[in-house]
Amino acid sequence: MSDAVLTRLSGLAVDRFGAGAEALGPDDDLFDTLGIDSLQALDLLTDIEEAFDVEIPDYEIQGVTTLSGLAEVIGRHR
Amino acid sequence: MDFVGQTLSWRHQGPTIEVELHRAPLNEIGTTTLSELEQLADYVRQGGGGAKALVWWSSRPGFCAGADLRELHGGLLQRRDRFDGLGPLAKRGLRRVARPLVRRQIRRFIDRIHTVFDTLDMAPMTTVAACHGVVFGGGFELALTADLIVAERSARFCFPELRLGIIPGFGGVPRLNRDVGNALVRDLLLTGRSLNAKRAQAAGLVSQVVPKGEGLNAARRVAAQAARYEDATRIAAKRFLKPLPVAELARERDIFCDLVTRPETLAALQRFVDDDSAQPYLS
């Protein structure tokens with residue numbers, strides 16, 4: 001995974017969830033750290049699909065809880 | 001005639017009826033919503049006060065998360081609770097009697113919602129659904145009764161029913177089959193994945209994708225344009241473009257009612273109701 005993808009993902013998380021997401025590390029758990037639920041995760045998925053121009057079926061992000069995990073999934077679809 | 005209900009309200013705006021869904025948290029469809037939808041369907045059947053268009057919108061964070069699964073589960077469980085304290089033979093005997101009773105109860109609910117959705121599908125006015133956020137299960141099925149779907153970028157369309165051991169029961173699959181190709185219908189149903197607004201537009205399901213917060217305004221503009229045309233022409237065009245898939249809808253009702261009373265479905269509903277994790281919509 002590239003740093004550019006992670007940086008962009010981090011920016012999307014900040015845009016979606018606010019300043020609290022700025023300190024989020026690549027391997028921090030999004031759900032635990034930000035206290036988000038699955039509906040908010042789907043909002044982030046929509047942001048990711050738009051930003052990276054990819055289509056990611058929900059089942060591919062089941063159990064993915066970190067930015068680095070999301071970056072790997074994005075990598076499979078680019 | 002305007003209406004203010006517990007789960008939805010409607011009001012006339014010029015030639016358009018605007019129906020607001022406002023039940024917390026996400027417009028789950030239970031018996032109260034069904035009763036109020038029946039009132040709307042009656043009104044539409046009687047001509048809707050001469051309205052030429054109807055717009056669906058939600059003032060909640062999503063369009064609609066589907067059927068009220070907690071209510072459905074509660075209804076099924078109530079029947080089972082009556083067996084507590086009985087011996088195994090008595091339980092088995094009563095279950096044999098109770099299962100058809102539960103099935104009949106669910107069948108009545110499904111028949112009622114099909115009558116409402118069919119009426120709304122064939123409404124004499126042009127109907128537009130303004131969708132954002134979650135458009136899941138029964139909410140997706142409601143949107144599919146509309147002639148046109150306008151989606152904000154945040155909208156996601158999904159049929160998660162197979163996770164619960166059932167198929168969509170409010171007419172969704174026959175209506176989706178009518179509108180888009182087999183590959184998409186099967187992908188949505190058999191994997192339970194969701195689609196974003198852009199992909200839904202590419203598939204021909206959504207007519208316009210608009211920015212966040214613009215769905216209702218865009219739907220109003222569509223409705224205002226559609227309302228310019230003469231009633232008889234619009235009704236003839238709708239009948240031609242959007243015939244009701246009667247046989248498939250009837251078959252769907254039977255399959256749904258067969259599946260929903262199985263112990264596997266009850267167990268899956270129990271898991272959903274008990275799920276307090278942050279990811280119930282990603283399971």
# chains A, B, ... in the order shown; residues from 1 in each chain; ligands from 1
>>> closest_atom_pairs(of="chain A", to="chain B", cutoff="9 Å", atoms="only C-alpha atoms", output="Markdown table")
| residue | atom | partner | partner_atom | distance |
| --- | --- | --- | --- | --- |
| A:Phe31 | CA | B:Ala278 | CA | 7.0 |
| A:Gly35 | CA | B:Ala278 | CA | 8.2 |
| A:Ile36 | CA | B:Ala278 | CA | 7.0 |
| A:Asp37 | CA | B:Ala278 | CA | 4.5 |
| A:Ser38 | CA | B:Gln279 | CA | 4.3 |
| A:Leu39 | CA | B:Tyr281 | CA | 6.8 |
| A:Ala41 | CA | B:Gln279 | CA | 8.3 |
| A:Leu42 | CA | B:Arg156 | CA | 8.0 |
| A:Asp43 | CA | B:Ser154 | CA | 6.4 |
| A:Leu45 | CA | B:Asn196 | CA | 8.9 |
| A:Thr46 | CA | B:Asn196 | CA | 6.3 |
| A:Asp47 | CA | B:Ser154 | CA | 8.1 |
| A:Glu49 | CA | B:Asn196 | CA | 8.2 |
| A:Glu50 | CA | B:Lys198 | CA | 8.4 |
| A:Glu55 | CA | B:Arg199 | CA | 8.0 |
| A:Ile56 | CA | B:Leu195 | CA | 8.9 |
| A:Pro57 | CA | B:Arg193 | CA | 5.6 |
| A:Asp58 | CA | B:Arg193 | CA | 5.2 |
| A:Tyr59 | CA | B:Arg193 | CA | 6.5 |
| A:Ile61 | CA | B:Leu282 | CA | 7.8 |
| A:Gln62 | CA | B:Leu282 | CA | 5.8 |
| A:Gly63 | CA | B:Leu282 | CA | 8.3 |
>>> write_last_selection(atoms="C-alpha atoms", output="PDB file, in the first residue's frame")
ATOM      1  CA  PHE A  31     -14.634   1.801  15.453  1.00  0.00           C
ATOM      2  CA  GLY A  35     -16.715   5.407  18.197  1.00  0.00           C
ATOM      3  CA  ILE A  36     -18.345   5.112  14.779  1.00  0.00           C
ATOM      4  CA  ASP A  37     -21.071   2.607  13.882  1.00  0.00           C
ATOM      5  CA  SER A  38     -21.656   0.554  10.757  1.00  0.00           C
ATOM      6  CA  LEU A  39     -23.869   3.200   9.136  1.00  0.00           C
ATOM      7  CA  ALA A  41     -18.679   3.163   8.103  1.00  0.00           C
ATOM      8  CA  LEU A  42     -20.938   2.852   5.049  1.00  0.00           C
ATOM      9  CA  ASP A  43     -20.791   6.639   4.644  1.00  0.00           C
ATOM     10  CA  LEU A  45     -17.180   3.573   2.119  1.00  0.00           C
ATOM     11  CA  THR A  46     -19.205   5.859  -0.161  1.00  0.00           C
ATOM     12  CA  ASP A  47     -16.572   8.600   0.272  1.00  0.00           C
ATOM     13  CA  GLU A  49     -15.548   4.784  -3.644  1.00  0.00           C
ATOM     14  CA  GLU A  50     -15.992   8.318  -4.924  1.00  0.00           C
ATOM     15  CA  GLU A  55     -16.449   0.007  -6.375  1.00  0.00           C
ATOM     16  CA  ILE A  56     -16.012  -2.077  -3.227  1.00  0.00           C
ATOM     17  CA  PRO A  57     -18.630  -4.666  -2.236  1.00  0.00           C
ATOM     18  CA  ASP A  58     -19.498  -4.419   1.455  1.00  0.00           C
ATOM     19  CA  TYR A  59     -18.422  -7.997   2.152  1.00  0.00           C
ATOM     20  CA  ILE A  61     -14.685  -4.641   4.182  1.00  0.00           C
ATOM     21  CA  GLN A  62     -16.251  -6.990   6.729  1.00  0.00           C
ATOM     22  CA  GLY A  63     -13.850  -7.159   9.640  1.00  0.00           C
TER      23      GLY A  63
END
>>> atom_distance(atom1="atom CA of Gln201 of chain B", atom2="atom CA of Leu184 of chain B")
12.2 Å
>>> residues_around(residues="Ala71 of chain A", least_positions_apart="5", cutoff="9 Å", atoms="only C-alpha atoms", output="list in words")
Met1, Ser2, Val5, Leu6, Leu9, Thr66 and Arg76 of chain A
>>> select_by_dssp(residues="segment 132-266 of chain B", states="strand (DSSP E)", output="MDAnalysis selection string")
chainID B and resid 134:136 148:152 156:158 194:196 208:210
>>> residues_around(residues="segment 51-53 of chain B", least_positions_apart="2", cutoff="10 Å", atoms="only C-alpha atoms", output="ChimeraX atom specification")
/B:12-18,44,47-49,55,123-128,220,222-231,234
>>> select_by_dssp(residues="chain A", states="helix (DSSP H, G or I)", output="ChimeraX atom specification")
/A:3-17,19-21,30-34,38-52,58-61,67-76
>>> write_last_selection(atoms="N, CA and C atoms", output="short mmCIF file (atom, residue, chain, number, x, y, z; two decimals), in the first residue's frame")
data_model
loop_
_atom_site.label_atom_id
_atom_site.label_comp_id
_atom_site.auth_asym_id
_atom_site.auth_seq_id
_atom_site.Cartn_x
_atom_site.Cartn_y
_atom_site.Cartn_z
N ASP A 3 1.86 5.32 0.68
CA ASP A 3 1.60 6.36 1.68
C ASP A 3 0.54 7.34 1.17
N ALA A 4 0.54 7.53 -0.16
CA ALA A 4 -0.42 8.48 -0.73
C ALA A 4 -1.85 8.02 -0.47
N VAL A 5 -2.09 6.70 -0.59
CA VAL A 5 -3.43 6.16 -0.35
C VAL A 5 -3.81 6.37 1.12
N LEU A 6 -2.87 6.08 2.00
CA LEU A 6 -3.15 6.24 3.44
C LEU A 6 -3.41 7.70 3.79
N THR A 7 -2.61 8.59 3.20
CA THR A 7 -2.80 10.03 3.47
C THR A 7 -4.19 10.48 3.01
N ARG A 8 -4.56 10.00 1.85
CA ARG A 8 -5.87 10.38 1.31
C ARG A 8 -7.00 9.80 2.18
N LEU A 9 -6.82 8.56 2.59
CA LEU A 9 -7.83 7.92 3.46
C LEU A 9 -7.97 8.70 4.77
N SER A 10 -6.83 9.09 5.32
CA SER A 10 -6.84 9.84 6.56
C SER A 10 -7.62 11.15 6.38
N GLY A 11 -7.40 11.80 5.24
CA GLY A 11 -8.12 13.04 4.94
C GLY A 11 -9.63 12.81 4.84
N LEU A 12 -10.01 11.69 4.22
CA LEU A 12 -11.44 11.38 4.11
C LEU A 12 -12.06 11.14 5.49
N ALA A 13 -11.29 10.47 6.36
CA ALA A 13 -11.79 10.20 7.72
C ALA A 13 -11.97 11.51 8.49
N VAL A 14 -11.03 12.43 8.31
CA VAL A 14 -11.14 13.74 8.99
C VAL A 14 -12.35 14.50 8.43
N ASP A 15 -12.49 14.49 7.10
CA ASP A 15 -13.64 15.19 6.50
C ASP A 15 -14.96 14.62 7.02
N ARG A 16 -15.01 13.31 7.17
CA ARG A 16 -16.25 12.65 7.56
C ARG A 16 -16.50 12.72 9.07
N PHE A 17 -15.44 12.52 9.86
CA PHE A 17 -15.65 12.37 11.31
C PHE A 17 -15.07 13.50 12.15
N ALA A 19 -12.17 16.55 13.51
CA ALA A 19 -10.77 16.67 13.95
C ALA A 19 -10.30 15.47 14.77
N GLY A 20 -11.25 14.78 15.41
CA GLY A 20 -10.89 13.61 16.22
C GLY A 20 -10.17 12.54 15.42
N ALA A 21 -10.35 12.56 14.10
CA ALA A 21 -9.74 11.54 13.25
C ALA A 21 -8.32 11.92 12.83
N LEU A 30 -10.76 1.94 13.76
CA LEU A 30 -11.66 3.08 13.48
C LEU A 30 -12.86 3.08 14.41
N PHE A 31 -13.40 1.89 14.66
CA PHE A 31 -14.63 1.80 15.45
C PHE A 31 -14.36 2.15 16.91
N ASP A 32 -13.25 1.60 17.44
CA ASP A 32 -12.92 1.87 18.84
C ASP A 32 -12.46 3.32 19.03
N THR A 33 -11.57 3.77 18.13
CA THR A 33 -10.95 5.09 18.31
C THR A 33 -11.96 6.22 18.09
N LEU A 34 -12.77 6.08 17.05
CA LEU A 34 -13.69 7.18 16.71
C LEU A 34 -15.11 6.94 17.24
N SER A 38 -21.75 1.10 12.11
CA SER A 38 -21.66 0.55 10.76
C SER A 38 -22.27 1.48 9.71
N LEU A 39 -23.28 2.28 10.11
CA LEU A 39 -23.87 3.20 9.14
C LEU A 39 -22.86 4.29 8.77
N GLN A 40 -22.12 4.76 9.78
CA GLN A 40 -21.08 5.76 9.48
C GLN A 40 -19.96 5.14 8.65
N ALA A 41 -19.69 3.86 8.91
CA ALA A 41 -18.68 3.16 8.10
C ALA A 41 -19.13 3.08 6.65
N LEU A 42 -20.44 2.88 6.43
CA LEU A 42 -20.94 2.85 5.05
C LEU A 42 -20.81 4.22 4.39
N ASP A 43 -21.01 5.28 5.18
CA ASP A 43 -20.79 6.64 4.64
C ASP A 43 -19.33 6.80 4.20
N LEU A 44 -18.42 6.30 5.04
CA LEU A 44 -16.99 6.39 4.68
C LEU A 44 -16.70 5.57 3.43
N LEU A 45 -17.36 4.40 3.32
CA LEU A 45 -17.18 3.57 2.12
C LEU A 45 -17.62 4.34 0.87
N THR A 46 -18.74 5.05 0.98
CA THR A 46 -19.20 5.86 -0.16
C THR A 46 -18.17 6.92 -0.52
N ASP A 47 -17.61 7.58 0.51
CA ASP A 47 -16.57 8.60 0.27
C ASP A 47 -15.36 7.97 -0.43
N ILE A 48 -14.97 6.77 0.05
CA ILE A 48 -13.79 6.09 -0.53
C ILE A 48 -14.05 5.74 -1.99
N GLU A 49 -15.24 5.18 -2.27
CA GLU A 49 -15.55 4.78 -3.64
C GLU A 49 -15.50 5.99 -4.58
N GLU A 50 -15.98 7.12 -4.08
CA GLU A 50 -15.99 8.32 -4.92
C GLU A 50 -14.58 8.87 -5.10
N ALA A 51 -13.85 8.95 -3.99
CA ALA A 51 -12.52 9.57 -4.04
C ALA A 51 -11.54 8.76 -4.88
N PHE A 52 -11.62 7.42 -4.78
CA PHE A 52 -10.65 6.58 -5.49
C PHE A 52 -11.22 6.01 -6.78
N ASP A 58 -19.56 -4.52 -0.01
CA ASP A 58 -19.50 -4.42 1.46
C ASP A 58 -18.77 -5.60 2.09
N TYR A 59 -18.99 -6.81 1.51
CA TYR A 59 -18.42 -8.00 2.15
C TYR A 59 -16.90 -7.98 2.14
N GLU A 60 -16.31 -7.16 1.28
CA GLU A 60 -14.85 -7.09 1.28
C GLU A 60 -14.31 -6.21 2.41
N ILE A 61 -15.18 -5.43 3.05
CA ILE A 61 -14.68 -4.64 4.18
C ILE A 61 -15.19 -5.19 5.52
N LEU A 67 -7.30 1.93 8.78
CA LEU A 67 -7.02 2.61 7.51
C LEU A 67 -6.09 1.77 6.64
N SER A 68 -5.12 1.08 7.28
CA SER A 68 -4.21 0.27 6.46
C SER A 68 -4.98 -0.90 5.82
N GLY A 69 -5.96 -1.45 6.56
CA GLY A 69 -6.79 -2.51 6.00
C GLY A 69 -7.62 -2.00 4.83
N LEU A 70 -8.16 -0.82 4.98
CA LEU A 70 -8.95 -0.22 3.89
C LEU A 70 -8.06 0.04 2.67
N ALA A 71 -6.82 0.50 2.94
CA ALA A 71 -5.90 0.78 1.83
C ALA A 71 -5.61 -0.51 1.04
N GLU A 72 -5.50 -1.61 1.74
CA GLU A 72 -5.26 -2.89 1.05
C GLU A 72 -6.44 -3.26 0.16
N VAL A 73 -7.65 -3.07 0.70
CA VAL A 73 -8.85 -3.39 -0.09
C VAL A 73 -8.91 -2.48 -1.32
N ILE A 74 -8.62 -1.21 -1.14
CA ILE A 74 -8.63 -0.27 -2.27
C ILE A 74 -7.62 -0.73 -3.32
N GLY A 75 -6.46 -1.15 -2.85
CA GLY A 75 -5.40 -1.62 -3.76
C GLY A 75 -5.87 -2.75 -4.65
N ARG A 76 -6.72 -3.61 -4.12
CA ARG A 76 -7.22 -4.75 -4.92
C ARG A 76 -8.18 -4.30 -6.03
#
>>> atom_distance(atom1="atom CA of His22 of chain B", atom2="atom CA of Phe170 of chain B")
19.8 Å
>>> residues_around(residues="His132 of chain B", least_positions_apart="2", cutoff="10 Å", atoms="only C-alpha atoms", output="count of residues only")
28
>>> residues_around(residues="segment 240-248 of chain B", least_positions_apart="5", cutoff="9 Å", atoms="only C-alpha atoms", output="PyMOL selection string")
chain B and resi 118+121-122+147+171+173-175+178-179+235+253
>>> residues_around(residues="segment 23-35 of chain B", least_positions_apart="2", cutoff="6 Å", atoms="only C-alpha atoms", output="ChimeraX atom specification")
/B:7,37-38,62,64-68
>>> atom_distance(atom1="atom CA of Gly139 of chain B", atom2="atom CA of Arg45 of chain B")
21.5 Å
>>> closest_residue(among="B:Val102, B:Leu54, B:Ala146, B:Val273", to="Asp258 of chain B", atoms="only C-alpha atoms")
B:Val102
